[in-house]
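The structure appears right after this line, and notes come after that.
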Amino acid sequence: MEKFNGNVLFLNRDDINTDEIIPAKYLTENDKDALKPHLLEDLKLSGFQAQDSLSDKHVIVSRANFGCGSSREHAPWALEVNGIHLVIAESFARIFRQNMFACGLMAIELPPTTLDHIFKQYATQNTTVKTDLSQNCFEFSTGGLSERVEFKLEDFDRQLVEAGGWIEYADKKYR
Amino acid sequence: MAKTIAEKIFDSHLVDTPSNDIQVIRLDAVLCHEITTPIAINDLVKRGKDHVFDPSKIKAVIDHVTPAKDSKTAMQGKILREWARRHDIKDFFDIGRNGICHALFPEKGFVRPGYTVIMGDSHTCTLGAFGAFAAGVGTTALEVGILKGVCAFQYPQTIKIDITGRLPAGVYAKDVILSIIGRIGVNGATNKVIEFTGPVVDTMPMDARMTMCNMAVEAGATSGICYPDRQTVEYLWPFVQNEYESKDSALKDYSRWISDTDATYADIVTHDVSDLEPQVTFDYKPENVKAVAEMAGTPVDQVYIGSCTNGRIDDLRVAAKALNGRAVAANVRGIVSPATPQIYRQALQEGIIQTFMDAGFCVTNPTCGACLGMSNGVLAKGEVCASTTNRNFYGRMGRGGMVHLMSPATAAATAVAGHICNSDLYQKGE
């Protein structure tokens, strides 16, 4: 699906929490689009400038325990309204991961060795990812360099992505 | 087959198994507050599905920013209030009767052993203290919960943390849970349930068990959980006395919700607390934990006593005792926020509020407010707060502020000293 393709923003740190993704002071918004300018506003990562770094990025690649902390679905929403529908990381906090798929977005785990390689090979370049859901495979590419990386997608998560989210799925299935 | 308590709860609530280890379970309670629910309500209205699966199983409260601080928070309250009214949700708590959800809902008797509970709030795991499976979820899962009374989870794997030894005087549940998070890390229990067991937990009152389970999520856990016992029955008795002949029969019934001795665990950890010192966090993760003695002398600008972690009556009692009639240091702002009106009232009757006011504390109404930097004590850039809350994330209590998490006793002693220090209540373990 095309919504899972695009330029990559690399966030090379473990434990990026949902307060960093979208600070609590913006949780008073009842409109998802209002979150747009505040994505990653409080991220503690050297060299990161939210507005510049995010420009034209559609995929995030990060490390372990991405999205820990608060249950706020405002975190996936803030990503979504910025055109980011896919986060790839070593691992995710349970609620964040659940929220991503509940919104029809993807949170995909890759092994640490694979991520080490991707960070080393691609993080300093302008890199794009193409997602092939039928093959469970990403294509990372930059300049002349490109490679396929396989991933696992649980049946249930695939069903949520195909349905467009948990509400769409559950509404049909449960009385 | 031998089962853990979480497995027993899942098996008794199973609705569907959509794939391998995912189970859709029936919910006994869906809890709502004004930050994460209004968007779910608006979405349901937009979809033409403004229904609730069972108004008696939905409980709602305005707690995060109350009284409203601006037009936006006023609107969040209004959406929740009007929704509760039109669906005849009787257990809705507004100004004057509202308190922090994870303190208020147990106090109202809304959780029982064996229950499944969700809420759009990560600290919902607090309610596992009653032998329930209680998990924080996002707005979409909450929305489905409101509409259908179900939620999807991975079939639970459990880490059992057996807390042994004897807690030294002046060392509390908060110190224990901080030391556990420091040991297993913020990712240590991700996608798992933590069972808190052992002699130390057996003697903990419900307030302390709630503090333990509350911070299970800071280790990544889906729910914290304690076995129901006589203390659980005593706490719940006013709400269940018509259901059981005696406390013994209630206890016997609740004993269904205890793990089998030969149940399978993802891990079993023994955590001896006999030598545990009061704990405090540094830096920006709840796993960055040290003994208070190692951080002693660190100056603070604000001391905050409250929240779903440590705003209950036992917490206020300990803090008042640690103040011991002394005043807050010059240059320190002391804020105390009793977690519910009942706790506030009790603290008034016991003279605790008087103690705090005499010390120079500002006593606020029950609210989540400052813990997540929304109201009632937000930090300025460069300021340091000694806090009984649950997260020391960068910017959590205000952009550019630093939060040190600690127990109410340590927070009170720190308020008096003006810098981080152990309370006089602490006596080194033998």
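Within each chain, counting starts at residue 1; across the structure tokens, chains are named A, B, ... in the order shown, with ligands numbered 1 upward in that order.
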List every residue of chain B that has an atom at most 9 Å from any atom of chain A, and for each one report the closest atom pair and its distance in Å to one decimal, counting only C-alpha atoms, with rows sorted by chain and then by increasing residue number, as a Markdown table.
```
| residue | atom | partner | partner_atom | distance |
| --- | --- | --- | --- | --- |
| B:Val15 | CA | A:Tyr174 | CA | 9.0 |
| B:Pro18 | CA | A:Phe156 | CA | 6.2 |
| B:Ser19 | CA | A:Phe156 | CA | 5.5 |
| B:Asn20 | CA | A:Asp155 | CA | 7.9 |
| B:Ile22 | CA | A:Phe156 | CA | 7.3 |
| B:Glu34 | CA | A:Thr28 | CA | 9.0 |
| B:Ile35 | CA | A:Leu27 | CA | 6.4 |
| B:Thr36 | CA | A:Arg72 | CA | 7.0 |
| B:Pro38 | CA | A:Asn30 | CA | 7.2 |
| B:Ile39 | CA | A:Asn30 | CA | 5.9 |
| B:Asn42 | CA | A:Asn30 | CA | 8.5 |
| B:Lys72 | CA | A:Thr28 | CA | 5.8 |
| B:Thr73 | CA | A:Thr28 | CA | 5.7 |
| B:Met75 | CA | A:Asn30 | CA | 8.7 |
| B:Gln76 | CA | A:Thr28 | CA | 7.2 |
| B:Gly120 | CA | A:Ser71 | CA | 6.5 |
| B:Asp121 | CA | A:Ser71 | CA | 5.4 |
| B:Ser122 | CA | A:Ser71 | CA | 4.7 |
| B:His123 | CA | A:Ser70 | CA | 8.0 |
| B:Gly136 | CA | A:Ser71 | CA | 6.3 |
| B:Val137 | CA | A:Ser71 | CA | 5.8 |
| B:Gly138 | CA | A:Glu73 | CA | 5.0 |
| B:Thr139 | CA | A:Glu73 | CA | 5.9 |
| B:Thr140 | CA | A:Ala102 | CA | 6.2 |
| B:Ala141 | CA | A:Ala102 | CA | 7.0 |
| B:Glu143 | CA | A:Ile167 | CA | 7.5 |
| B:Val144 | CA | A:Ile167 | CA | 5.9 |
| B:Leu147 | CA | A:Asp171 | CA | 8.5 |
| B:Lys148 | CA | A:Arg175 | CA | 6.5 |
| B:Val150 | CA | A:Tyr174 | CA | 8.3 |
| B:Ala152 | CA | A:Gln98 | CA | 9.0 |
| B:Phe153 | CA | A:Gln98 | CA | 8.6 |
| B:Val186 | CA | A:Asp15 | CA | 7.8 |
| B:Asn187 | CA | A:Asn65 | CA | 6.1 |
| B:Thr190 | CA | A:Ala93 | CA | 6.3 |
| B:Asn191 | CA | A:Arg94 | CA | 5.5 |
| B:Lys192 | CA | A:Arg94 | CA | 8.9 |
| B:Val217 | CA | A:Gly69 | CA | 7.4 |
| B:Glu218 | CA | A:Gly69 | CA | 6.7 |
| B:Gly220 | CA | A:Ala93 | CA | 6.4 |
| B:Ala221 | CA | A:Arg94 | CA | 8.0 |
| B:Thr222 | CA | A:Arg94 | CA | 7.1 |
| B:Lys285 | CA | A:Asp15 | CA | 8.4 |
| B:Leu372 | CA | A:Ala24 | CA | 6.2 |
| B:Gly373 | CA | A:Lys25 | CA | 6.8 |
| B:Met374 | CA | A:Lys25 | CA | 5.5 |
| B:Ser375 | CA | A:Lys25 | CA | 8.9 |
| B:Arg391 | CA | A:Gly69 | CA | 8.0 |
| B:Phe393 | CA | A:Asp19 | CA | 7.2 |
| B:Tyr394 | CA | A:Lys44 | CA | 7.2 |
| B:Gly395 | CA | A:Asp42 | CA | 6.7 |
| B:Arg396 | CA | A:Asp19 | CA | 6.6 |
| B:Gly398 | CA | A:Lys25 | CA | 8.8 |
| B:Arg399 | CA | A:Asp42 | CA | 7.5 |
| B:Gly400 | CA | A:Asp42 | CA | 8.9 |
```
Contacts of A:His38 within 9 Å, only C-alpha atoms, excl. fewer than 5 positions in-chain, as a ChimeraX atom specification: /A:21-23,26,50-51,78
Residues from last step as file, all heavy atoms, as a short mmCIF file (atom, residue, chain, number, x, y, z; two decimals), in the first residue's frame:
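To be explicit, this is the file written out as out_11.cif:
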```cif
data_model
loop_
_atom_site.label_atom_id
_atom_site.label_comp_id
_atom_site.auth_asym_id
_atom_site.auth_seq_id
_atom_site.Cartn_x
_atom_site.Cartn_y
_atom_site.Cartn_z
N ILE A 21 6.58 12.56 21.72
CA ILE A 21 5.94 12.54 20.40
C ILE A 21 4.89 13.65 20.31
O ILE A 21 4.82 14.36 19.32
CB ILE A 21 5.34 11.15 20.11
CG1 ILE A 21 6.47 10.09 20.06
CG2 ILE A 21 4.56 11.14 18.80
CD1 ILE A 21 5.99 8.66 20.05
N ILE A 22 4.09 13.77 21.37
CA ILE A 22 3.13 14.88 21.44
C ILE A 22 2.91 15.26 22.91
O ILE A 22 2.32 14.49 23.67
CB ILE A 22 1.81 14.55 20.68
CG1 ILE A 22 0.88 15.75 20.63
CG2 ILE A 22 1.11 13.33 21.24
CD1 ILE A 22 1.23 16.77 19.58
N PRO A 23 3.40 16.43 23.32
CA PRO A 23 3.29 16.82 24.74
C PRO A 23 1.83 16.91 25.21
O PRO A 23 0.94 17.24 24.43
CB PRO A 23 3.95 18.19 24.77
CG PRO A 23 4.84 18.23 23.57
CD PRO A 23 4.15 17.40 22.53
N TYR A 26 -1.08 19.51 24.49
CA TYR A 26 -1.89 19.54 23.27
C TYR A 26 -3.03 18.52 23.29
O TYR A 26 -3.75 18.38 22.32
CB TYR A 26 -1.01 19.32 22.04
CG TYR A 26 0.11 20.34 21.95
CD1 TYR A 26 1.44 19.97 22.02
CD2 TYR A 26 -0.20 21.70 21.84
CE1 TYR A 26 2.45 20.92 21.98
CE2 TYR A 26 0.81 22.65 21.81
CZ TYR A 26 2.13 22.26 21.88
OH TYR A 26 3.11 23.20 21.85
N ALA A 50 12.57 19.66 15.18
CA ALA A 50 11.31 19.05 14.74
C ALA A 50 10.89 19.47 13.33
O ALA A 50 10.71 18.64 12.45
CB ALA A 50 10.23 19.32 15.75
N GLN A 51 10.76 20.76 13.10
CA GLN A 51 10.18 21.20 11.83
C GLN A 51 11.05 20.83 10.63
O GLN A 51 10.58 20.27 9.64
CB GLN A 51 9.90 22.70 11.87
CG GLN A 51 8.69 23.06 12.72
CD GLN A 51 7.43 22.24 12.37
OE1 GLN A 51 7.12 22.02 11.21
NE2 GLN A 51 6.72 21.77 13.39
N ALA A 78 -0.80 12.27 15.63
CA ALA A 78 0.15 13.33 15.27
C ALA A 78 1.06 12.85 14.14
O ALA A 78 1.43 13.63 13.25
CB ALA A 78 0.98 13.75 16.48
#
```
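Pairwise distance (atom CA of B:Gly185, atom CA of B:Val117) equals 25.3 Å.
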